[in-house]
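Enquirer: Got a structure for you, run-v9.txt, holding compact mmCIF, C-alpha atoms.
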```
# COMPACT_ATOMS: atom_id res chain seq x y z
CA MET A 1 -77.98 57.52 -89.21
CA ILE A 2 -80.69 54.96 -89.99
CA ARG A 3 -80.43 51.60 -91.73
CA VAL A 4 -83.10 49.04 -92.63
CA GLN A 5 -81.55 45.75 -93.64
CA GLU A 6 -82.01 41.99 -93.77
CA GLU A 7 -78.51 41.10 -92.61
CA ASP A 8 -77.15 41.07 -89.06
CA PHE A 9 -74.85 43.79 -87.74
CA ASP A 10 -71.75 43.99 -85.56
CA VAL A 11 -72.69 45.79 -82.35
CA GLY A 12 -69.10 46.64 -81.38
CA ALA A 13 -68.24 48.04 -84.79
CA GLU A 14 -71.46 50.08 -84.89
CA ILE A 15 -70.75 51.61 -81.47
CA ASP A 16 -67.14 52.38 -82.45
CA GLY A 17 -68.45 54.13 -85.57
CA LEU A 18 -71.03 56.25 -83.73
CA ALA A 19 -68.88 59.35 -83.13
CA PRO A 20 -65.31 58.35 -83.99
CA GLY A 21 -62.66 60.79 -82.85
CA ASN A 22 -65.18 63.03 -81.08
CA ARG A 23 -63.52 63.77 -77.73
CA SER A 24 -66.56 65.65 -76.40
CA VAL A 25 -68.47 62.39 -76.09
CA GLY A 26 -68.78 61.33 -72.46
CA GLY A 27 -71.27 58.50 -72.79
CA ILE A 28 -72.82 56.09 -75.26
CA ALA A 29 -76.19 54.41 -74.66
CA CYS A 30 -77.36 51.39 -76.61
CA PHE A 31 -80.50 49.24 -76.79
CA ILE A 32 -80.61 45.96 -78.70
CA GLY A 33 -83.84 44.06 -79.29
CA VAL A 34 -83.56 40.29 -79.83
CA VAL A 35 -86.01 37.49 -80.70
CA ARG A 36 -87.47 35.90 -77.57
CA ASP A 37 -88.86 32.36 -77.23
CA PHE A 38 -92.34 33.27 -75.96
CA VAL A 39 -95.24 35.67 -76.57
CA GLY A 40 -96.90 37.30 -73.59
CA ASP A 41 -95.95 38.88 -70.30
CA ASP A 42 -93.94 35.98 -68.90
CA LYS A 43 -92.67 32.61 -69.97
CA GLU A 44 -94.99 30.55 -67.69
CA THR A 45 -98.25 31.93 -69.11
CA GLY A 46 -96.99 32.84 -72.58
CA THR A 47 -97.05 30.95 -75.88
CA PRO A 48 -93.79 29.40 -77.12
CA VAL A 49 -92.34 30.95 -80.28
CA GLY A 50 -89.80 29.36 -82.61
CA ALA A 51 -88.92 32.24 -84.91
CA ILE A 52 -90.41 35.44 -86.30
CA THR A 53 -90.71 37.12 -89.67
CA LEU A 54 -90.69 40.90 -89.79
CA GLU A 55 -92.44 42.58 -92.70
CA HIS A 56 -92.13 46.29 -93.35
CA TYR A 57 -93.18 49.03 -95.75
CA PRO A 58 -90.07 49.91 -97.75
CA GLY A 59 -89.83 53.64 -98.23
CA MET A 60 -92.21 54.59 -95.43
CA THR A 61 -90.04 52.73 -92.90
CA GLU A 62 -86.95 54.75 -93.81
CA GLN A 63 -88.96 57.96 -93.79
CA LYS A 64 -90.45 57.24 -90.35
CA LEU A 65 -87.12 56.23 -88.81
CA ALA A 66 -85.46 59.36 -90.20
CA ALA A 67 -88.25 61.48 -88.70
CA ILE A 68 -87.86 59.78 -85.31
CA GLU A 69 -84.10 60.35 -85.41
CA ALA A 70 -84.57 64.01 -86.38
CA GLU A 71 -86.92 64.45 -83.41
CA ALA A 72 -84.31 62.97 -81.02
CA LEU A 73 -81.56 65.20 -82.45
CA GLN A 74 -83.78 68.21 -81.89
CA ARG A 75 -84.63 67.29 -78.29
CA TRP A 76 -81.22 66.20 -77.02
CA PRO A 77 -77.66 67.44 -77.72
CA LEU A 78 -76.38 64.23 -79.33
CA ASP A 79 -72.98 63.70 -80.92
CA GLY A 80 -74.07 60.49 -82.59
CA CYS A 81 -77.32 58.66 -83.28
CA LEU A 82 -77.93 55.31 -84.94
CA ILE A 83 -81.01 53.18 -85.65
CA ILE A 84 -80.61 49.80 -87.37
CA HIS A 85 -83.74 47.69 -87.93
CA ARG A 86 -83.76 44.28 -89.56
CA TYR A 87 -86.56 42.58 -91.51
CA GLY A 88 -87.17 39.08 -92.83
CA ARG A 89 -87.08 35.78 -90.94
CA LEU A 90 -85.25 35.89 -87.62
CA GLU A 91 -84.47 33.00 -85.28
CA LEU A 92 -84.44 32.92 -81.49
CA GLY A 93 -81.68 35.12 -80.09
CA ASP A 94 -81.18 36.98 -83.36
CA ARG A 95 -80.78 40.73 -83.13
CA ILE A 96 -83.82 42.66 -84.44
CA VAL A 97 -83.03 46.28 -83.76
CA MET A 98 -80.24 48.44 -82.42
CA VAL A 99 -80.48 52.01 -81.19
CA ALA A 100 -77.38 53.86 -80.01
CA THR A 101 -76.79 57.44 -78.95
CA ALA A 102 -73.65 59.37 -77.97
CA ALA A 103 -73.63 62.57 -75.93
CA ALA A 104 -71.42 64.61 -73.64
CA HIS A 105 -73.50 63.53 -70.65
CA ARG A 106 -75.08 60.18 -69.84
CA ALA A 107 -78.60 61.49 -69.10
CA ASP A 108 -78.97 62.82 -72.65
CA ALA A 109 -77.65 59.63 -74.20
CA LEU A 110 -79.88 57.38 -72.04
CA ASP A 111 -83.05 59.44 -72.43
CA ALA A 112 -82.63 59.80 -76.19
CA CYS A 113 -81.96 56.08 -76.56
CA GLN A 114 -85.15 55.17 -74.67
CA PHE A 115 -87.17 57.76 -76.59
CA LEU A 116 -85.97 56.31 -79.90
CA ILE A 117 -86.85 52.70 -79.14
CA ASP A 118 -90.23 53.61 -77.58
CA TRP A 119 -91.23 55.78 -80.54
CA LEU A 120 -90.05 53.53 -83.28
CA LYS A 121 -92.13 50.69 -81.93
CA THR A 122 -95.31 52.69 -82.33
CA GLU A 123 -94.42 54.69 -85.44
CA ALA A 124 -92.31 52.51 -87.71
CA PRO A 125 -94.36 50.33 -90.09
CA PHE A 126 -93.21 46.85 -89.08
CA TRP A 127 -95.41 43.79 -88.60
CA LYS A 128 -94.39 40.62 -86.83
CA LEU A 129 -95.40 37.08 -87.77
CA GLU A 130 -94.62 34.66 -84.93
CA GLU A 131 -94.09 30.98 -85.61
CA THR A 132 -95.91 29.02 -82.89
CA GLU A 133 -97.14 25.43 -82.58
CA ALA A 134 -100.47 26.63 -84.01
CA GLY A 135 -98.68 28.03 -87.09
CA GLY A 136 -97.84 31.59 -88.09
CA GLN A 137 -99.66 34.25 -86.04
CA TRP A 138 -99.62 37.94 -86.89
CA VAL A 139 -98.99 39.90 -83.72
CA ASP A 140 -101.48 42.56 -82.62
CA ALA A 141 -100.21 45.89 -81.39
CA ARG A 142 -100.29 46.20 -77.62
CA ALA A 143 -101.65 49.05 -75.57
CA GLY A 144 -98.48 48.93 -73.45
CA ASP A 145 -96.36 50.10 -76.38
CA ASP A 146 -98.57 53.14 -76.92
CA ARG A 147 -98.43 53.96 -73.21
CA ARG A 148 -94.63 53.77 -73.23
CA ALA A 149 -94.45 56.08 -76.25
CA GLU A 150 -96.99 58.51 -74.76
CA ARG A 151 -94.61 59.24 -71.88
CA TRP A 152 -92.54 61.19 -74.41
CA ILE A 153 -95.32 63.42 -75.70
CA LYS A 154 -94.50 67.00 -74.76
CA LYS A 155 -97.05 68.51 -72.43
CA MET B 1 -104.06 54.46 -107.84
CA LYS B 2 -101.55 52.13 -106.25
CA ILE B 3 -102.77 50.09 -103.27
CA LEU B 4 -100.40 48.19 -100.95
CA TYR B 5 -101.42 45.56 -98.39
CA PHE B 6 -99.28 44.36 -95.48
CA ALA B 7 -99.25 41.54 -92.91
CA TRP B 8 -102.59 39.70 -92.57
CA LEU B 9 -104.36 42.09 -94.91
CA ARG B 10 -101.93 40.95 -97.61
CA THR B 11 -102.50 37.27 -96.86
CA LYS B 12 -106.31 37.61 -96.69
CA ILE B 13 -106.56 39.66 -99.88
CA GLY B 14 -103.94 37.58 -101.63
CA VAL B 15 -101.87 40.32 -103.26
CA ALA B 16 -99.16 42.63 -101.93
CA GLU B 17 -99.94 45.49 -104.28
CA GLU B 18 -102.16 46.39 -107.19
CA ASP B 19 -103.06 49.29 -109.43
CA VAL B 20 -106.75 50.11 -109.33
CA THR B 21 -109.01 52.65 -111.00
CA PRO B 22 -111.93 53.32 -108.71
CA PRO B 23 -114.89 55.37 -109.99
CA ALA B 24 -114.53 59.16 -109.75
CA GLU B 25 -116.87 59.45 -106.76
CA VAL B 26 -114.35 57.55 -104.60
CA GLY B 27 -112.74 60.64 -103.10
CA ASP B 28 -111.50 59.59 -99.67
CA VAL B 29 -110.05 56.62 -97.81
CA ALA B 30 -113.42 55.53 -96.40
CA ALA B 31 -115.02 55.44 -99.86
CA LEU B 32 -112.00 53.63 -101.28
CA ILE B 33 -112.24 50.92 -98.62
CA GLU B 34 -115.97 50.48 -99.28
CA TRP B 35 -115.22 50.13 -102.99
CA LEU B 36 -112.37 47.65 -102.36
CA LYS B 37 -114.71 45.50 -100.20
CA GLY B 38 -116.77 44.85 -103.32
CA ARG B 39 -113.81 43.34 -105.18
CA GLY B 40 -114.01 39.93 -103.54
CA ASP B 41 -114.53 37.85 -100.41
CA GLY B 42 -110.92 38.26 -99.28
CA TYR B 43 -111.24 42.04 -99.44
CA ALA B 44 -114.57 42.04 -97.59
CA GLU B 45 -113.14 39.81 -94.86
CA ALA B 46 -109.88 41.74 -94.49
CA LEU B 47 -111.65 45.11 -94.37
CA ALA B 48 -114.66 44.09 -92.26
CA ASP B 49 -113.36 45.55 -88.98
CA LEU B 50 -111.71 48.91 -89.57
CA SER B 51 -110.73 49.22 -85.89
CA VAL B 52 -107.82 46.90 -86.71
CA VAL B 53 -106.89 48.51 -90.04
CA ARG B 54 -104.51 51.45 -90.38
CA VAL B 55 -103.99 53.56 -93.49
CA ALA B 56 -101.15 55.49 -95.05
CA VAL B 57 -101.55 57.82 -98.02
CA ASN B 58 -98.28 58.54 -99.83
CA GLN B 59 -96.40 56.95 -96.91
CA GLU B 60 -97.94 59.15 -94.21
CA TYR B 61 -100.44 57.83 -91.66
CA ALA B 62 -103.92 58.98 -92.65
CA LYS B 63 -107.46 58.88 -91.33
CA LEU B 64 -110.58 57.61 -93.08
CA ASP B 65 -111.59 61.09 -94.27
CA HIS B 66 -108.21 61.71 -95.96
CA PRO B 67 -108.69 62.52 -99.67
CA VAL B 68 -107.34 60.09 -102.28
CA GLY B 69 -106.83 60.51 -106.01
CA PRO B 70 -105.53 58.63 -109.06
CA ASP B 71 -101.85 59.43 -108.42
CA ASP B 72 -101.83 58.42 -104.75
CA GLU B 73 -100.17 55.44 -103.10
CA VAL B 74 -102.50 54.04 -100.44
CA ALA B 75 -101.37 51.37 -97.98
CA LEU B 76 -103.68 49.30 -95.78
CA PHE B 77 -102.21 47.40 -92.82
CA PRO B 78 -102.75 46.34 -89.20
CA PRO B 79 -101.51 48.50 -86.31
CA VAL B 80 -97.72 48.38 -86.35
CA THR B 81 -95.85 46.04 -84.04
CA GLY B 82 -92.28 47.13 -84.67
CA GLY B 83 -89.49 45.19 -83.06
CA LYS B 84 -91.57 45.06 -79.93
CA GLY B 85 -89.79 44.11 -76.75
CA ARG B 86 -92.98 43.19 -74.89
```
So, in terms of structure tokens, how does the structure I just supplied come out?

Expert:
Amino acid sequence: MIRVQEEDFDVGAEIDGLAPGNRSVGGIACFIGVVRDFVGDDKETGTPVGAITLEHYPGMTEQKLAAIEAEALQRWPLDGCLIIHRYGRLELGDRIVMVATAAAHRADALDACQFLIDWLKTEAPFWKLEETEAGGQWVDARAGDDRRAERWIKK
Amino acid sequence: MKILYFAWLRTKIGVAEEDVTPPAEVGDVAALIEWLKGRGDGYAEALADLSVVRVAVNQEYAKLDHPVGPDDEVALFPPVTGGKGR
């Protein structure tokens, strides 16, 4: 399931709802992205950030997330799959994104979860405006994200 | 033709979306962008460096040689940054 929404979500309730009553599930993996207080590789050399605003392309976002989920369901035997992505203004510590997967075995759940978050960062049409002391700065894509996603390209 | 702009392309151009009627010889994304650049300083500035501009036609990522027509929805935006962790 995919959801694109402005409001926050309840992580525990979402995990409970992933594959309710399915006794074949042996493991659930979950990644949650939150708003951090700096831009850059580490806090010492980075730029402080106060909040972010996420803009997206309604319609294309849902389509891209659904395609990413379909790809994961094809590659791994999952009993449950969830992507929630928020948009709008988010403060430090706020949840941005949640990816959760349920499978009989932990390796499938963990691999699929990592695949989903890596791919959605390079494929889903979101743009981040960071509030810094210098004002609002649109964030450039980073080569590191593409490299992480490329690990999942089938040879 | 419906054109959408996102992130700093939206702020530089000053509109989020608009309906345009380019001349008939504008048949692909590259020609459309050239034509849009003539619409004002904001357009010319936003579209000056195409290495930092990405395109979607009808909500699918597209390259500069992708055909466009009157019924298409074309979006221009920077490379996506998702909910990037780092």

Enquirer: Determine the axis-aligned bounding box of all atoms of segment 12-16 of chain A present in the file, pad each side by 6 Å, and express its centre and edge lengths in Å to one decimal place as lines of an AutoDock Vina configuration file.

Expert:
```
center_x = -69.3
center_y = 49.5
center_z = -83.1
size_x = 16.3
size_y = 17.7
size_z = 15.5
```

Enquirer: Mind listing as a list in words which residues of chain A are within 6 Å of chain B, counting only C-alpha atoms?

Expert: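 Result: Met60, Lys121, Pro125, Phe126, Trp127 and Ala141 of chain A.
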
Enquirer: Report as a short mmCIF file (atom, residue, chain, number, x, y, z; two decimals) with C-alpha atoms, in the coordinates of the input all protein, DNA and RNA residues lying within 8 Å of segment 23-29 of chain B, evaluated on all atoms listed in the file, omitting residues in the same chain fewer than 4 positions from it.

Expert:
```
data_model
loop_
_atom_site.label_atom_id
_atom_site.label_comp_id
_atom_site.auth_asym_id
_atom_site.auth_seq_id
_atom_site.Cartn_x
_atom_site.Cartn_y
_atom_site.Cartn_z
CA ILE B 33 -112.24 50.92 -98.62
CA TRP B 35 -115.22 50.13 -102.99
CA LYS B 63 -107.46 58.88 -91.33
CA LEU B 64 -110.58 57.61 -93.08
CA ASP B 65 -111.59 61.09 -94.27
CA HIS B 66 -108.21 61.71 -95.96
CA PRO B 67 -108.69 62.52 -99.67
CA VAL B 68 -107.34 60.09 -102.28
CA GLY B 69 -106.83 60.51 -106.01
#
```

Enquirer: Hey, what's within 12 Å of segment 64-79 of chain A if we count only C-alpha atoms and toss same-chain stuff fewer than 6 positions away? As a ChimeraX atom specification, please?

Expert: /A:1-4,17-29,56-58,85,97,99-126,149,152-154 /B:56,59-61,82

Enquirer: One number please: atom CA of Val139 of chain A to atom CA of Ile32 of chain A, in Å, one decimal.

Expert: 20.0 Å

Enquirer: Do you know which residues are at most 10 Å from Glu34 of chain B counting all atoms listed in the file, after dropping those on the same chain fewer than 4 positions away, and could you put them as a count of residues only?

Expert: 9

Enquirer: How many Å separate atom CA of Asp41 of chain B from atom CA of Glu133 of chain A?

Expert: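 Distance reported for this atom pair: 27.8 Å.
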
Enquirer: What separation in Å, quoted to one decimal, exists between atom CA of Val53 of chain B and atom CA of Ala16 of chain B?

Expert: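 Atom CA of Val53 of chain B sits 15.4 Å away from atom CA of Ala16 of chain B.
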
Enquirer: Could you list, as an MDAnalysis selection string, every residue within 6 Å of Lys2 of chain B, counting only C-alpha atoms and ignoring same-chain residues fewer than 6 positions away?

Expert: chainID B and resid 18:19 73

Enquirer: Write the residues of the preceding selection, restricted to C-alpha atoms, as an mmCIF file, keeping the file's coordinate frame.

Expert:
```cif
data_model
loop_
_atom_site.group_PDB
_atom_site.id
_atom_site.type_symbol
_atom_site.label_atom_id
_atom_site.label_comp_id
_atom_site.auth_asym_id
_atom_site.auth_seq_id
_atom_site.Cartn_x
_atom_site.Cartn_y
_atom_site.Cartn_z
ATOM 1 C CA GLU B 18 -102.160 46.390 -107.190
ATOM 2 C CA ASP B 19 -103.060 49.290 -109.430
ATOM 3 C CA GLU B 73 -100.170 55.440 -103.100
#
```

Enquirer: Which residues, written as a count of residues only, have at least one atom at most 10 Å from Asp94 of chain A, with all atoms listed in the file counted and residues fewer than 5 positions away on the same chain left out?

Expert: 9

Enquirer: Just checking: using only C-alpha atoms, which residue out of A:Val49, A:Ile84, A:Cys30, A:Ala13 ends up closest to Ala134 of chain A?

Expert: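 Nearest candidate to Ala134 of chain A out of A:Val49, A:Ile84, A:Cys30, A:Ala13: A:Val49.
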
Enquirer: From the options A:Phe38, A:Tyr87, A:Asp140, A:Met98, which residue's atoms come nearest to Glu7 of chain A, counting only C-alpha atoms?

Expert: A:Tyr87

Enquirer: With only C-alpha atoms as the atoms that count, which of B:Val15, B:Leu32, B:Val20, B:Leu9 lies nearest to Leu76 of chain B?

Expert: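 Smallest distance to Leu76 of chain B is found for B:Leu9.
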
Enquirer: Just add N, CA and C atoms to segment 2-25 of chain A and send it as a compact mmCIF listing (two decimals), keeping the file's coordinate frame.

Expert:
```txt
# COMPACT_ATOMS: atom_id res chain seq x y z
N ILE A 2 -79.74 56.07 -90.09
CA ILE A 2 -80.69 54.96 -89.99
C ILE A 2 -80.37 53.92 -91.07
N ARG A 3 -80.61 52.66 -90.74
CA ARG A 3 -80.43 51.60 -91.73
C ARG A 3 -81.53 50.55 -91.55
N VAL A 4 -82.11 50.11 -92.65
CA VAL A 4 -83.10 49.04 -92.63
C VAL A 4 -82.53 47.93 -93.49
N GLN A 5 -82.31 46.77 -92.92
CA GLN A 5 -81.55 45.75 -93.64
C GLN A 5 -81.96 44.35 -93.21
N GLU A 6 -81.69 43.38 -94.08
CA GLU A 6 -82.01 41.99 -93.77
C GLU A 6 -80.88 41.35 -92.97
N GLU A 7 -79.65 41.76 -93.22
CA GLU A 7 -78.51 41.10 -92.61
C GLU A 7 -78.25 41.56 -91.18
N ASP A 8 -77.54 40.75 -90.43
CA ASP A 8 -77.15 41.07 -89.06
C ASP A 8 -76.13 42.21 -89.06
N PHE A 9 -75.82 42.70 -87.87
CA PHE A 9 -74.85 43.79 -87.74
C PHE A 9 -73.92 43.50 -86.58
N ASP A 10 -72.78 44.18 -86.59
CA ASP A 10 -71.75 43.99 -85.56
C ASP A 10 -71.88 45.11 -84.54
N VAL A 11 -72.38 44.77 -83.35
CA VAL A 11 -72.69 45.79 -82.35
C VAL A 11 -71.45 46.62 -81.99
N GLY A 12 -70.33 45.94 -81.77
CA GLY A 12 -69.10 46.64 -81.38
C GLY A 12 -68.64 47.62 -82.44
N ALA A 13 -68.68 47.17 -83.69
CA ALA A 13 -68.24 48.04 -84.79
C ALA A 13 -69.18 49.23 -84.94
N GLU A 14 -70.48 48.98 -84.76
CA GLU A 14 -71.46 50.08 -84.89
C GLU A 14 -71.24 51.13 -83.79
N ILE A 15 -70.98 50.66 -82.57
CA ILE A 15 -70.75 51.61 -81.47
C ILE A 15 -69.45 52.38 -81.71
N ASP A 16 -68.41 51.69 -82.16
CA ASP A 16 -67.14 52.38 -82.45
C ASP A 16 -67.32 53.44 -83.53
N GLY A 17 -68.26 53.20 -84.45
CA GLY A 17 -68.45 54.13 -85.57
C GLY A 17 -69.44 55.24 -85.28
N LEU A 18 -69.96 55.30 -84.06
CA LEU A 18 -71.03 56.25 -83.73
C LEU A 18 -70.55 57.71 -83.77
N ALA A 19 -69.41 57.97 -83.14
CA ALA A 19 -68.88 59.35 -83.13
C ALA A 19 -67.36 59.25 -83.06
N PRO A 20 -66.74 58.63 -84.07
CA PRO A 20 -65.31 58.35 -83.99
C PRO A 20 -64.48 59.64 -83.91
N GLY A 21 -63.56 59.65 -82.98
CA GLY A 21 -62.66 60.79 -82.85
C GLY A 21 -63.26 61.99 -82.14
N ASN A 22 -64.54 61.89 -81.76
CA ASN A 22 -65.18 63.03 -81.08
C ASN A 22 -64.89 62.96 -79.59
N ARG A 23 -63.97 63.83 -79.12
CA ARG A 23 -63.52 63.77 -77.73
C ARG A 23 -64.48 64.49 -76.76
N SER A 24 -65.56 65.05 -77.29
CA SER A 24 -66.56 65.65 -76.40
C SER A 24 -67.56 64.62 -75.89
N VAL A 25 -67.52 63.43 -76.50
CA VAL A 25 -68.47 62.39 -76.09
C VAL A 25 -68.08 61.84 -74.72
```
